[in-house]
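*Asks:* As input, take final39.pdb (PDB, C-alpha atoms):
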ATOM      1  CA  ALA A  76       0.000   0.000   0.000
ATOM      2  CA  GLN A  77       1.072   3.527  -0.682
ATOM      3  CA  SER A  78       2.095   5.791   2.156
ATOM      4  CA  VAL A  79       3.077   9.421   2.430
ATOM      5  CA  THR A  80       5.172  11.054   5.102
ATOM      6  CA  GLN A  81       5.291  14.779   5.665
ATOM      7  CA  LEU A  82       8.179  15.802   7.870
ATOM      8  CA  GLY A  83       7.137  18.563  10.235
ATOM      9  CA  SER A  84       3.543  19.018  11.268
ATOM     10  CA  HIS A  85       4.174  22.737  11.785
ATOM     11  CA  VAL A  86       6.457  25.014   9.798
ATOM     12  CA  SER A  87       6.886  28.677  10.586
ATOM     13  CA  VAL A  88       8.585  31.160   8.244
ATOM     14  CA  SER A  89       8.902  34.900   7.993
ATOM     15  CA  GLU A  90       7.188  36.797   5.232
ATOM     16  CA  GLY A  91       9.510  36.865   2.230
ATOM     17  CA  ALA A  92      11.459  33.786   3.340
ATOM     18  CA  LEU A  93      11.761  30.503   1.490
ATOM     19  CA  VAL A  94       9.040  27.951   2.100
ATOM     20  CA  LEU A  95      10.066  24.285   2.105
ATOM     21  CA  LEU A  96       7.535  21.614   2.966
ATOM     22  CA  ARG A  97       8.788  18.049   2.851
ATOM     23  CA  CYS A  98       7.040  15.010   1.476
ATOM     24  CA  ASN A  99       8.312  11.478   1.016
ATOM     25  CA  TYR A 100       6.339   8.630  -0.434
ATOM     26  CA  SER A 101       6.669   4.891  -0.499
ATOM     27  CA  SER A 102       5.896   3.183  -3.725
ATOM     28  CA  SER A 103       7.376   0.425  -5.803
ATOM     29  CA  VAL A 104       6.520   2.296  -8.976
ATOM     30  CA  PRO A 105       6.496   6.029  -9.642
ATOM     31  CA  PRO A 106       3.067   7.210  -8.576
ATOM     32  CA  TYR A 107       1.114  10.331  -9.313
ATOM     33  CA  LEU A 108       1.861  12.934  -6.656
ATOM     34  CA  PHE A 109      -0.125  15.944  -5.548
ATOM     35  CA  TRP A 110       0.041  18.862  -3.206
ATOM     36  CA  TYR A 111      -3.224  20.241  -1.858
ATOM     37  CA  VAL A 112      -3.795  23.332   0.276
ATOM     38  CA  GLN A 113      -6.561  23.743   2.824
ATOM     39  CA  TYR A 114      -7.463  27.185   4.098
ATOM     40  CA  PRO A 115      -9.455  27.422   7.331
ATOM     41  CA  ASN A 116     -13.010  26.142   6.976
ATOM     42  CA  GLN A 117     -12.534  25.363   3.313
ATOM     43  CA  GLY A 118     -12.063  22.281   1.185
ATOM     44  CA  LEU A 119      -8.886  21.043  -0.427
ATOM     45  CA  GLN A 120      -7.517  22.960  -3.387
ATOM     46  CA  LEU A 121      -4.999  21.460  -5.771
ATOM     47  CA  LEU A 122      -1.679  23.325  -5.843
ATOM     48  CA  LEU A 123       0.148  21.107  -8.299
ATOM     49  CA  LYS A 124       0.542  17.547  -9.506
ATOM     50  CA  TYR A 125       3.250  15.284 -10.876
ATOM     51  CA  THR A 126       2.181  12.762 -13.491
ATOM     52  CA  SER A 127       5.511  11.483 -14.865
ATOM     53  CA  ALA A 128       6.180  14.350 -17.225
ATOM     54  CA  ALA A 129       8.634  17.037 -16.082
ATOM     55  CA  THR A 130      10.195  16.370 -12.694
ATOM     56  CA  LEU A 131       9.931  20.034 -11.707
ATOM     57  CA  VAL A 132       6.298  20.947 -11.463
ATOM     58  CA  LYS A 133       5.005  24.475 -11.211
ATOM     59  CA  GLY A 134       1.718  25.153  -9.506
ATOM     60  CA  ILE A 135      -0.510  28.001  -8.504
ATOM     61  CA  ASN A 136       0.432  30.886  -6.214
ATOM     62  CA  GLY A 137       4.148  30.583  -7.017
ATOM     63  CA  PHE A 138       4.601  27.103  -5.570
ATOM     64  CA  GLU A 139       6.621  24.384  -7.214
ATOM     65  CA  ALA A 140       7.707  20.866  -6.362
ATOM     66  CA  GLU A 141      10.438  18.578  -7.585
ATOM     67  CA  PHE A 142      10.009  14.859  -8.007
ATOM     68  CA  LYS A 143      13.176  12.999  -7.017
ATOM     69  CA  LYS A 144      12.852   9.298  -7.630
ATOM     70  CA  SER A 145      16.174   8.432  -5.971
ATOM     71  CA  GLU A 146      15.016  10.089  -2.764
ATOM     72  CA  THR A 147      11.309   9.158  -3.145
ATOM     73  CA  SER A 148      10.577  12.788  -2.392
ATOM     74  CA  PHE A 149       8.256  15.483  -3.676
ATOM     75  CA  HIS A 150       9.065  18.561  -1.607
ATOM     76  CA  LEU A 151       7.064  21.747  -2.037
ATOM     77  CA  THR A 152       8.835  25.085  -2.257
ATOM     78  CA  LYS A 153       8.087  28.745  -2.737
ATOM     79  CA  PRO A 154      10.894  31.303  -2.956
ATOM     80  CA  SER A 155       9.147  34.036  -0.995
ATOM     81  CA  ALA A 156       6.372  33.432   1.512
ATOM     82  CA  HIS A 157       3.335  35.662   1.627
ATOM     83  CA  MET A 158       0.979  36.104   4.553
ATOM     84  CA  SER A 159      -1.804  34.604   2.455
ATOM     85  CA  ASP A 160       0.151  31.324   2.203
ATOM     86  CA  ALA A 161      -0.714  30.486   5.799
ATOM     87  CA  ALA A 162      -2.725  27.271   5.556
ATOM     88  CA  GLU A 163      -2.443  23.523   5.899
ATOM     89  CA  TYR A 164      -0.676  21.678   3.112
ATOM     90  CA  PHE A 165      -1.214  18.047   2.238
ATOM     91  CA  CYS A 166       0.922  15.833   0.071
ATOM     92  CA  ALA A 167      -0.960  12.975  -1.577
ATOM     93  CA  VAL A 168      -0.197  10.014  -3.768
ATOM     94  CA  GLU A 169      -2.424   8.244  -6.227
ATOM     95  CA  GLU A 170      -1.670   4.737  -7.358
ATOM     96  CA  THR A 171      -1.261   4.456 -11.087
ATOM     97  CA  SER A 172      -3.844   1.739 -11.275
ATOM     98  CA  GLY A 173      -6.213   3.032  -8.658
ATOM     99  CA  SER A 174      -8.186   6.108  -7.981
ATOM    100  CA  ARG A 175      -7.895   6.758  -4.279
ATOM    101  CA  LEU A 176      -5.696   9.504  -2.923
ATOM    102  CA  THR A 177      -3.535   8.644   0.067
ATOM    103  CA  PHE A 178      -2.722  11.738   2.062
ATOM    104  CA  GLY A 179       0.100  12.657   4.365
ATOM    105  CA  GLU A 180      -0.498  13.998   7.851
ATOM    106  CA  GLY A 181      -0.404  17.578   6.687
ATOM    107  CA  THR A 182       1.865  20.504   7.477
ATOM    108  CA  GLN A 183       0.503  23.679   9.020
ATOM    109  CA  LEU A 184       2.362  26.650   7.552
ATOM    110  CA  THR A 185       2.518  29.842   9.593
ATOM    111  CA  VAL A 186       3.848  33.027   8.011
ATOM    112  CA  ASN A 187       5.091  35.661  10.421
ATOM    113  CA  PRO A 188       5.179  39.356   9.510
TER
ATOM    114  CA  GLU B 247     -15.931  28.284 -12.290
ATOM    115  CA  PRO B 248     -17.603  24.914 -11.657
ATOM    116  CA  GLU B 249     -17.316  23.634  -8.115
ATOM    117  CA  VAL B 250     -18.349  20.753  -5.914
ATOM    118  CA  THR B 251     -20.985  21.712  -3.372
ATOM    119  CA  GLN B 252     -21.936  19.935  -0.166
ATOM    120  CA  THR B 253     -24.881  20.206   2.182
ATOM    121  CA  PRO B 254     -25.260  20.707   5.031
ATOM    122  CA  SER B 255     -22.105  22.481   6.103
ATOM    123  CA  HIS B 256     -22.594  21.216   9.654
ATOM    124  CA  GLN B 257     -24.692  18.310  10.875
ATOM    125  CA  VAL B 258     -25.241  17.451  14.515
ATOM    126  CA  THR B 259     -26.820  14.115  15.331
ATOM    127  CA  GLN B 260     -27.361  11.729  18.197
ATOM    128  CA  MET B 261     -25.453   8.461  18.351
ATOM    129  CA  GLY B 262     -27.389   5.708  16.608
ATOM    130  CA  GLN B 263     -29.193   8.032  14.234
ATOM    131  CA  GLU B 264     -28.940   7.852  10.456
ATOM    132  CA  VAL B 265     -27.434  10.754   8.551
ATOM    133  CA  ILE B 266     -27.261  11.533   4.859
ATOM    134  CA  LEU B 267     -24.571  13.845   3.579
ATOM    135  CA  ARG B 268     -25.217  15.369   0.207
ATOM    136  CA  CYS B 269     -22.888  16.403  -2.569
ATOM    137  CA  VAL B 270     -23.382  17.899  -5.999
ATOM    138  CA  PRO B 271     -20.304  17.033  -8.086
ATOM    139  CA  ILE B 272     -19.170  19.042 -11.087
ATOM    140  CA  SER B 273     -21.686  18.383 -13.818
ATOM    141  CA  ASN B 274     -19.556  16.631 -16.464
ATOM    142  CA  HIS B 275     -17.533  14.562 -14.015
ATOM    143  CA  LEU B 276     -17.879  10.794 -13.927
ATOM    144  CA  TYR B 277     -15.874   9.721 -10.864
ATOM    145  CA  PHE B 278     -17.017  10.523  -7.372
ATOM    146  CA  TYR B 279     -15.343  10.112  -4.007
ATOM    147  CA  TRP B 280     -15.883  10.505  -0.299
ATOM    148  CA  TYR B 281     -13.080  11.233   2.137
ATOM    149  CA  ARG B 282     -13.137  12.074   5.792
ATOM    150  CA  GLN B 283     -10.866  13.993   8.129
ATOM    151  CA  ILE B 284     -11.136  13.399  11.850
ATOM    152  CA  LEU B 285     -10.120  16.531  13.740
ATOM    153  CA  GLY B 286      -6.352  16.826  13.882
ATOM    154  CA  GLN B 287      -5.776  13.813  11.641
ATOM    155  CA  LYS B 288      -5.093  13.288   7.988
ATOM    156  CA  VAL B 289      -7.604  13.040   5.194
ATOM    157  CA  GLU B 290      -8.674   9.418   4.650
ATOM    158  CA  PHE B 291     -10.245   7.820   1.604
ATOM    159  CA  LEU B 292     -13.632   6.199   2.104
ATOM    160  CA  VAL B 293     -15.037   5.218  -1.262
ATOM    161  CA  SER B 294     -15.001   5.890  -4.968
ATOM    162  CA  PHE B 295     -17.960   5.541  -7.290
ATOM    163  CA  TYR B 296     -18.222   5.224 -11.038
ATOM    164  CA  ASN B 297     -20.920   4.149 -13.443
ATOM    165  CA  ASN B 298     -23.445   3.771 -10.636
ATOM    166  CA  GLU B 299     -21.392   1.390  -8.567
ATOM    167  CA  ILE B 300     -18.618   1.415  -6.008
ATOM    168  CA  SER B 301     -15.269   1.061  -7.724
ATOM    169  CA  GLU B 302     -13.113   1.042  -4.617
ATOM    170  CA  LYS B 303     -13.597   1.285  -0.867
ATOM    171  CA  SER B 304     -11.380   1.448   2.160
ATOM    172  CA  GLU B 305     -11.490  -0.631   5.312
ATOM    173  CA  ILE B 306     -13.245   2.281   7.011
ATOM    174  CA  PHE B 307     -16.208   1.950   4.659
ATOM    175  CA  ASP B 308     -18.037  -0.847   6.435
ATOM    176  CA  ASP B 309     -21.670  -1.934   6.328
ATOM    177  CA  GLN B 310     -22.735   1.195   8.190
ATOM    178  CA  PHE B 311     -21.861   3.276   5.154
ATOM    179  CA  SER B 312     -23.515   3.439   1.764
ATOM    180  CA  VAL B 313     -23.357   5.720  -1.233
ATOM    181  CA  GLU B 314     -25.882   6.512  -3.859
ATOM    182  CA  ARG B 315     -26.367   8.670  -6.902
ATOM    183  CA  PRO B 316     -30.137   9.012  -6.741
ATOM    184  CA  ASP B 317     -30.433  11.319  -9.729
ATOM    185  CA  GLY B 318     -28.199  12.929 -12.322
ATOM    186  CA  SER B 319     -26.741  15.498  -9.990
ATOM    187  CA  ASN B 320     -26.574  14.368  -6.374
ATOM    188  CA  PHE B 321     -24.123  11.968  -4.745
ATOM    189  CA  THR B 322     -24.913  10.960  -1.178
ATOM    190  CA  LEU B 323     -23.158   9.278   1.708
ATOM    191  CA  LYS B 324     -25.396   7.578   4.256
ATOM    192  CA  ILE B 325     -24.277   6.476   7.681
ATOM    193  CA  ARG B 326     -26.911   4.094   9.013
ATOM    194  CA  SER B 327     -26.263   4.181  12.734
ATOM    195  CA  THR B 328     -23.800   6.861  13.705
ATOM    196  CA  LYS B 329     -21.127   6.317  16.329
ATOM    197  CA  LEU B 330     -19.159   8.897  18.277
ATOM    198  CA  GLU B 331     -16.076   8.064  16.217
ATOM    199  CA  ASP B 332     -17.885   9.036  13.018
ATOM    200  CA  SER B 333     -17.500  12.673  14.046
ATOM    201  CA  ALA B 334     -15.340  14.185  11.321
ATOM    202  CA  MET B 335     -15.268  16.473   8.318
ATOM    203  CA  TYR B 336     -16.549  14.612   5.273
ATOM    204  CA  PHE B 337     -15.327  15.743   1.874
ATOM    205  CA  CYS B 338     -16.866  14.882  -1.443
ATOM    206  CA  ALA B 339     -14.712  15.018  -4.569
ATOM    207  CA  SER B 340     -15.237  14.464  -8.254
ATOM    208  CA  SER B 341     -13.036  14.058 -11.293
ATOM    209  CA  SER B 342     -13.475  13.739 -15.015
ATOM    210  CA  ASP B 343     -10.717  11.166 -15.403
ATOM    211  CA  ARG B 344      -9.294   8.314 -13.403
ATOM    212  CA  GLY B 345      -5.593   8.343 -12.658
ATOM    213  CA  LEU B 346      -4.558  11.602 -14.241
ATOM    214  CA  GLY B 347      -7.669  13.560 -13.420
ATOM    215  CA  GLU B 348      -7.587  16.133 -10.717
ATOM    216  CA  GLN B 349     -10.012  15.451  -7.906
ATOM    217  CA  PHE B 350     -11.987  18.580  -7.110
ATOM    218  CA  PHE B 351     -13.026  18.767  -3.483
ATOM    219  CA  GLY B 352     -16.099  20.292  -1.935
ATOM    220  CA  PRO B 353     -15.957  22.469   1.196
ATOM    221  CA  GLY B 354     -16.927  19.566   3.436
ATOM    222  CA  THR B 355     -19.662  18.697   5.912
ATOM    223  CA  ARG B 356     -18.709  18.731   9.560
ATOM    224  CA  LEU B 357     -20.524  15.839  11.261
ATOM    225  CA  THR B 358     -20.785  15.934  15.033
ATOM    226  CA  VAL B 359     -22.141  12.835  16.752
ATOM    227  CA  LEU B 360     -23.268  13.355  20.350
TER
END
Please re-express this file's structure in structure tokens.

*Replies:*
Amino acid sequence: AQSVTQLGSHVSVSEGALVLLRCNYSSSVPPYLFWYVQYPNQGLQLLLKYTSAATLVKGINGFEAEFKKSETSFHLTKPSAHMSDAAEYFCAVEETSGSRLTFGEGTQLTVNP
Amino acid sequence: EPEVTQTPSHQVTQMGQEVILRCVPISNHLYFYWYRQILGQKVEFLVSFYNNEISEKSEIFDDQFSVERPDGSNFTLKIRSTKLEDSAMYFCASSSDRGLGEQFFGPGTRLTVL
């Protein structure tokens, strides 16, 4: 079964600083990988997805993630944090032959002024 | 922009009661899902539905749960006899494609079982 690990349940950065949210997956074959964002009292919004095309994936709101097969990682980055980035971020994996998403535990991002 | 809608936004019920959570997926989507998120925990898959039948379900989705697409627009999750541990946020999602298709999530229904 697929699993996803997000290192750090809480990450705090200053406005303008680099954002790095870590995600590692376990899979015997390269899966489809996703990052979702959840703002308070809202549903999950897709930030970006990796589907075996380019290993560096660009998403909305200036976020990007790099798929590294050798490290089984899909870390999310943004060069300069904005106050509006404060939210919970979930990494998810979808099996190539299945349809369910398996989510990580989530990382709460706080952006300090 | 098309979106997934869910009603109600908050449902409070007594233990042992039946609840029905409603979802209206995006109109041209064919694949439908339910997930839940217990407070402070990760989002968990419950069930997926395609072509009027369950295509996949998790170990959480036991006989107490059922799903239905009663008409061309609604997709429902029924919990027959609620337990305290069913208290969670329930998210509906839909997609146009399996595998590569993005799953669009609704805003969720917060279920509180007393």

*Asks:* Please evaluate the ChimeraX specification (/A :<8) & /B against the structure above and give the resulting residues as a ChimeraX atom specification.

*Replies:* /B:287-291,293-294,302,337,344-346,348,350-354

*Asks:* Set the distance at 10 Å and use all atoms listed in the file: which residues neighbour A:Asn187 once local chain neighbours fewer than 3 positions away are removed? I'd like the list as a PyMOL selection string.

*Replies:* chain A and resi 87-92+156-158+161+184

*Asks:* Store the residues of this selection in a file with C-alpha atoms, as a compact mmCIF listing (two decimals), keeping the file's coordinate frame.

*Replies:*
# COMPACT_ATOMS: atom_id res chain seq x y z
CA SER A 87 6.89 28.68 10.59
CA VAL A 88 8.59 31.16 8.24
CA SER A 89 8.90 34.90 7.99
CA GLU A 90 7.19 36.80 5.23
CA GLY A 91 9.51 36.86 2.23
CA ALA A 92 11.46 33.79 3.34
CA ALA A 156 6.37 33.43 1.51
CA HIS A 157 3.34 35.66 1.63
CA MET A 158 0.98 36.10 4.55
CA ALA A 161 -0.71 30.49 5.80
CA LEU A 184 2.36 26.65 7.55

*Asks:* Take the PyMOL selection byres ((chain A and resi 98) around 7), apply it to the structure above, and return the hits as a ChimeraX atom specification.

*Replies:* /A:79-82,96-97,99-100,148-150,166

*Asks:* For a test of reading the model, state the distance in Å between atom CA of B:Phe321 and atom CA of B:Ser273, rounded to one decimal.

*Replies:*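 Atom CA of B:Ser273 lies at a distance of 11.4 Å from atom CA of B:Phe321.
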
*Asks:* Can you tell me how far atom CA of B:Phe278 sits from atom CA of B:Met335, in Å to one decimal?

*Replies:* 16.9 Å

*Asks:* What's the 9 Å shell around A:Leu95, counting all atoms listed in the file, without same-chain residues fewer than 6 positions away, as a list of chain:residue names?

*Replies:* A:Val86, A:His150, A:Leu151, A:Thr152, A:Lys153, A:Pro154

*Asks:* Can you tell me how far atom CA of B:Ser333 sits from atom CA of B:Thr251, in Å to one decimal?

*Replies:*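 For atom CA of B:Ser333 relative to atom CA of B:Thr251, the distance reads 19.9 Å.
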
*Asks:* Skip B:Thr322 itself and residues of its chain fewer than 3 positions away, then list as a PyMOL selection string all residues within 8 Å of it, counting only C-alpha atoms.

*Replies:* chain B and resi 266-269+313-316
